[in-house]
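S.K.: Encoded as structure tokens, here's the structure I'll be asking about.
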Amino acid sequence: MRIVANRRFFHAPPGAGLRRRGGTRQTGGGVANSRGVCVLETIDLACWRGERAVFAGVGLAVKPGDAVLLLGRNGAGKSSLLRVLAGLLAPAAGHIAWQGRDVREDPAAHARRLRYLGHLDALKPALTVRENLAFHAALTGGEVAPALEALGLSALAELPGRMLSAGQRRRLALARLALSPAEIWLLDEPTLGLDAASVERLGDLLAAHRARGGMVVAATHLPLPLPGAGEFRL
Ligand SMILES: Nc1ncnc2c1ncn2[C@@H]1O[C@H](COP(=O)(O)OP(=O)(O)OP(=O)(O)O)[C@@H](O)[C@H]1O
């Protein structure tokens with residue numbers, strides 16, 4: 001994983017390449033969809049919210065199996081960066097590349113390769129836990145029962161969403177990740193409200209995702225079960 005922002009290098013694990021703002025690649029080869037080679041990159045990414053520049057010159061490069069933690073004070077721009085990566089917010093400058101190609105060439109393909117978990121759990125209060133997951137499975141594919149099991153929700157499957165506690169709602173949101181594989185997981189404070197057992201379950205899910213070459217970019221103020229993750233401070 002390579003990370004650079006505002007002309008400062010933030011994190012470079014041994015053997016990783018670095019790219020200066022402006023595009024001069026110092027090390028590293030071409031971009032291809034194989035383990036050990038970067039497939040998700042941001043190039044000089046900048047973001048404005050309202051009248052204010054939130055960040056500029058952000059360069060991330062993420063390989064299959066990598067995890068990146070977005071860190072920083074409240075309002076630093078972590079959620080904004082996740083939303084830009086998810087294609088939900090247009091960058092003020094720069095772009096995102098997948099296998100070397102600007103994702104704006106095919107936004108639908110970019111949307112298909114990612115799962116975005118925001119601050120809000122986006123569940124339907126009138127539907128049961130099982131129905132909520134089935135709704136998402138209709139969009140992304142996948143089996144509901146194993147996804148319920150992955151987050152320890154099987155015993156709550158017939159409960160309406162409106163009756164869930166905050167941590168249970170978060171577990172239901174996270175269970176969507178277990179429905180079907182996607183290359184990029186963009187997670188905004190994924191462990192907020194989770195008990196220790198649920199953090200452990202999430203750790204298993206994250207490990208399995210990374211083991212099959214999946215990538216994780218997560219904003220957090222809390223320790224996450226992502227061993228070896230790189231850190232990017234906004
Ligand atoms: N919809 C919006 N319109 C205008 N400005 C916004 C909007 N949402 C966020 N901002 C501003 O953008 C900046 C970055 O916000 P963001 O939510 O990305 O920060 P964050 O690092 O995720 O914060 P936190 O740690 O509190 O979650 C803040 O100054 C915030 O006030």
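Residue numbering restarts at 1 in every chain; chains get A, B, ... in the order shown in the structure tokens, and ligands count up from 1 in that same order.
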Between chain A and ligand 1, at 7 Å or less, what are the per-residue closest atom pairs and their distances in Å? Count only C-alpha atoms and all ligand atoms, order by chain and rising residue number, and return it as JSON lines.
M.R.:
```
{"residue": "A:Arg49", "atom": "CA", "partner": "ligand 1", "partner_atom_place_in_ligand_line": "5 (N)", "distance": 4.1}
{"residue": "A:Gly50", "atom": "CA", "partner": "ligand 1", "partner_atom_place_in_ligand_line": "4 (C)", "distance": 4.2}
{"residue": "A:Val54", "atom": "CA", "partner": "ligand 1", "partner_atom_place_in_ligand_line": "13 (C)", "distance": 5.7}
{"residue": "A:Gly72", "atom": "CA", "partner": "ligand 1", "partner_atom_place_in_ligand_line": "21 (O)", "distance": 6.0}
{"residue": "A:Arg73", "atom": "CA", "partner": "ligand 1", "partner_atom_place_in_ligand_line": "25 (O)", "distance": 5.5}
{"residue": "A:Asn74", "atom": "CA", "partner": "ligand 1", "partner_atom_place_in_ligand_line": "26 (O)", "distance": 3.4}
{"residue": "A:Gly75", "atom": "CA", "partner": "ligand 1", "partner_atom_place_in_ligand_line": "19 (O)", "distance": 3.4}
{"residue": "A:Ala76", "atom": "CA", "partner": "ligand 1", "partner_atom_place_in_ligand_line": "21 (O)", "distance": 3.8}
{"residue": "A:Gly77", "atom": "CA", "partner": "ligand 1", "partner_atom_place_in_ligand_line": "18 (O)", "distance": 3.3}
{"residue": "A:Lys78", "atom": "CA", "partner": "ligand 1", "partner_atom_place_in_ligand_line": "21 (O)", "distance": 3.8}
{"residue": "A:Ser79", "atom": "CA", "partner": "ligand 1", "partner_atom_place_in_ligand_line": "22 (O)", "distance": 3.7}
{"residue": "A:Ser80", "atom": "CA", "partner": "ligand 1", "partner_atom_place_in_ligand_line": "18 (O)", "distance": 3.6}
{"residue": "A:Leu81", "atom": "CA", "partner": "ligand 1", "partner_atom_place_in_ligand_line": "18 (O)", "distance": 6.5}
```
S.K.: Go through stretch 42-121 of chain A and collect every residue that DSSP, computed from the backbone, puts in alpha helix (DSSP H); the answer should be as a list in words.
M.R.: Lys78, Ser79, Ser80, Leu81, Leu82, Arg83, Val84, Leu85, Pro107, Ala108, Ala109, His110, Ala111 and Arg112 of chain A
S.K.: If you count only C-alpha atoms, which residues fall within 6 Å of A:Val129, apart from same-chain ones fewer than 3 positions away, as an MDAnalysis selection string?
M.R.: chainID A and resid 132 157 159 161
S.K.: Selection from above, N, CA and C atoms, as a short mmCIF file (atom, residue, chain, number, x, y, z; two decimals), in the first residue's frame, can you write it?
M.R.:
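Written out: result-v3.cif:
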```
data_model
loop_
_atom_site.label_atom_id
_atom_site.label_comp_id
_atom_site.auth_asym_id
_atom_site.auth_seq_id
_atom_site.Cartn_x
_atom_site.Cartn_y
_atom_site.Cartn_z
N ASN A 132 -34.70 -7.61 5.95
CA ASN A 132 -33.75 -6.54 5.62
C ASN A 132 -32.58 -7.08 4.80
N ALA A 157 -33.47 -13.20 13.81
CA ALA A 157 -33.85 -13.08 12.40
C ALA A 157 -35.28 -12.61 12.18
N LEU A 159 -37.08 -10.68 14.20
CA LEU A 159 -37.38 -9.43 14.92
C LEU A 159 -37.47 -8.25 13.92
N GLY A 161 -36.83 -4.64 12.41
CA GLY A 161 -35.68 -3.75 12.54
C GLY A 161 -35.85 -2.69 13.61
#
```
S.K.: If we count only C-alpha atoms and set the cut-off at 8 Å, which residues sit around A:Pro125, ignoring sequence neighbours fewer than 2 positions away in its own chain? Please answer as a PyMOL selection string.
M.R.: chain A and resi 123+127-128+160-163
S.K.: Between A:Pro107, A:Pro181, A:Gly167, A:Gly230, which residue has the minimum interatomic distance to A:Gly141, considering only C-alpha atoms?
M.R.: A:Pro181
S.K.: Could you pull the residues within 9 Å of stretch 63-71 of chain A, counting only C-alpha atoms, minus those fewer than 5 positions along the same chain, as a PyMOL selection string?
M.R.: chain A and resi 1-2+33-41+76+78-79+81-82+183+207+209-221+224+226-234
S.K.: Just C-alpha atoms for this one: save the residues we selected as a compact mmCIF listing (two decimals), in the first residue's frame.
M.R.:
```
# COMPACT_ATOMS: atom_id res chain seq x y z
CA MET A 1 0.00 0.00 0.00
CA ARG A 2 1.29 3.46 -0.84
CA ASN A 33 -5.42 -7.30 -10.99
CA SER A 34 -3.07 -9.67 -9.24
CA ARG A 35 -1.89 -10.04 -5.67
CA GLY A 36 0.90 -7.63 -4.69
CA VAL A 37 0.11 -5.04 -7.37
CA CYS A 38 -1.96 -1.92 -6.68
CA VAL A 39 -5.41 -1.94 -8.18
CA LEU A 40 -7.17 0.89 -6.33
CA GLU A 41 -5.46 4.27 -6.46
CA ALA A 76 -10.90 16.02 9.32
CA LYS A 78 -12.51 10.73 6.82
CA SER A 79 -16.17 10.20 5.95
CA LEU A 81 -12.93 10.58 1.62
CA LEU A 82 -14.93 7.36 1.95
CA GLU A 183 -13.38 -6.24 -4.00
CA ALA A 207 -9.74 -11.56 7.60
CA HIS A 209 -12.26 -10.86 2.83
CA ARG A 210 -8.56 -9.91 2.82
CA ALA A 211 -7.46 -13.53 2.44
CA ARG A 212 -9.39 -13.77 -0.85
CA GLY A 213 -7.74 -10.54 -2.06
CA GLY A 214 -10.35 -8.03 -0.88
CA MET A 215 -9.37 -4.50 0.16
CA VAL A 216 -10.59 -2.48 3.15
CA VAL A 217 -10.55 1.28 3.70
CA ALA A 218 -11.99 2.14 7.12
CA ALA A 219 -12.47 5.39 9.02
CA THR A 220 -12.23 4.96 12.75
CA HIS A 221 -11.54 6.47 16.15
CA LEU A 224 -10.14 -2.22 14.50
CA LEU A 226 -7.30 -5.31 10.93
CA PRO A 227 -3.79 -6.64 11.62
CA GLY A 228 -1.07 -5.00 9.53
CA ALA A 229 -3.33 -2.20 8.29
CA GLY A 230 -1.68 0.97 7.00
CA GLU A 231 -2.61 4.29 8.57
CA PHE A 232 -3.53 7.48 6.77
CA ARG A 233 -3.99 10.56 8.91
CA LEU A 234 -6.15 13.34 7.48
```
S.K.: Would you write out, as a Markdown table, a table of all residues in stretch 112-230 of chain A that have an atom no more than 12 Å from an atom of stretch 101-105 of chain A, listing for each the closest atom pair and the distance in Å to one decimal, considering only C-alpha atoms and ordering rows by chain and rising residue number?
M.R.:
```
| residue | atom | partner | partner_atom | distance |
| --- | --- | --- | --- | --- |
| A:Arg112 | CA | A:Val103 | CA | 11.5 |
| A:Arg113 | CA | A:Val103 | CA | 10.8 |
| A:Leu114 | CA | A:Val103 | CA | 11.9 |
```
S.K.: Go ahead and write the residues just picked, C-alpha atoms, as an mmCIF file, in the first residue's frame.
M.R.:
```
data_model
loop_
_atom_site.group_PDB
_atom_site.id
_atom_site.type_symbol
_atom_site.label_atom_id
_atom_site.label_comp_id
_atom_site.auth_asym_id
_atom_site.auth_seq_id
_atom_site.Cartn_x
_atom_site.Cartn_y
_atom_site.Cartn_z
ATOM 1 C CA ARG A 112 -20.556 -3.107 -8.291
ATOM 2 C CA ARG A 113 -17.031 -3.718 -7.014
ATOM 3 C CA LEU A 114 -17.550 -1.970 -3.675
#
```
S.K.: Within stretch 52-231 of chain A, find each residue whose DSSP state, derived from the backbone, is strand (DSSP E), and express the selection as a ChimeraX atom specification.
M.R.: /A:52-62,67-71,93-98,101-102,114-117,184-188,215-219,230-231
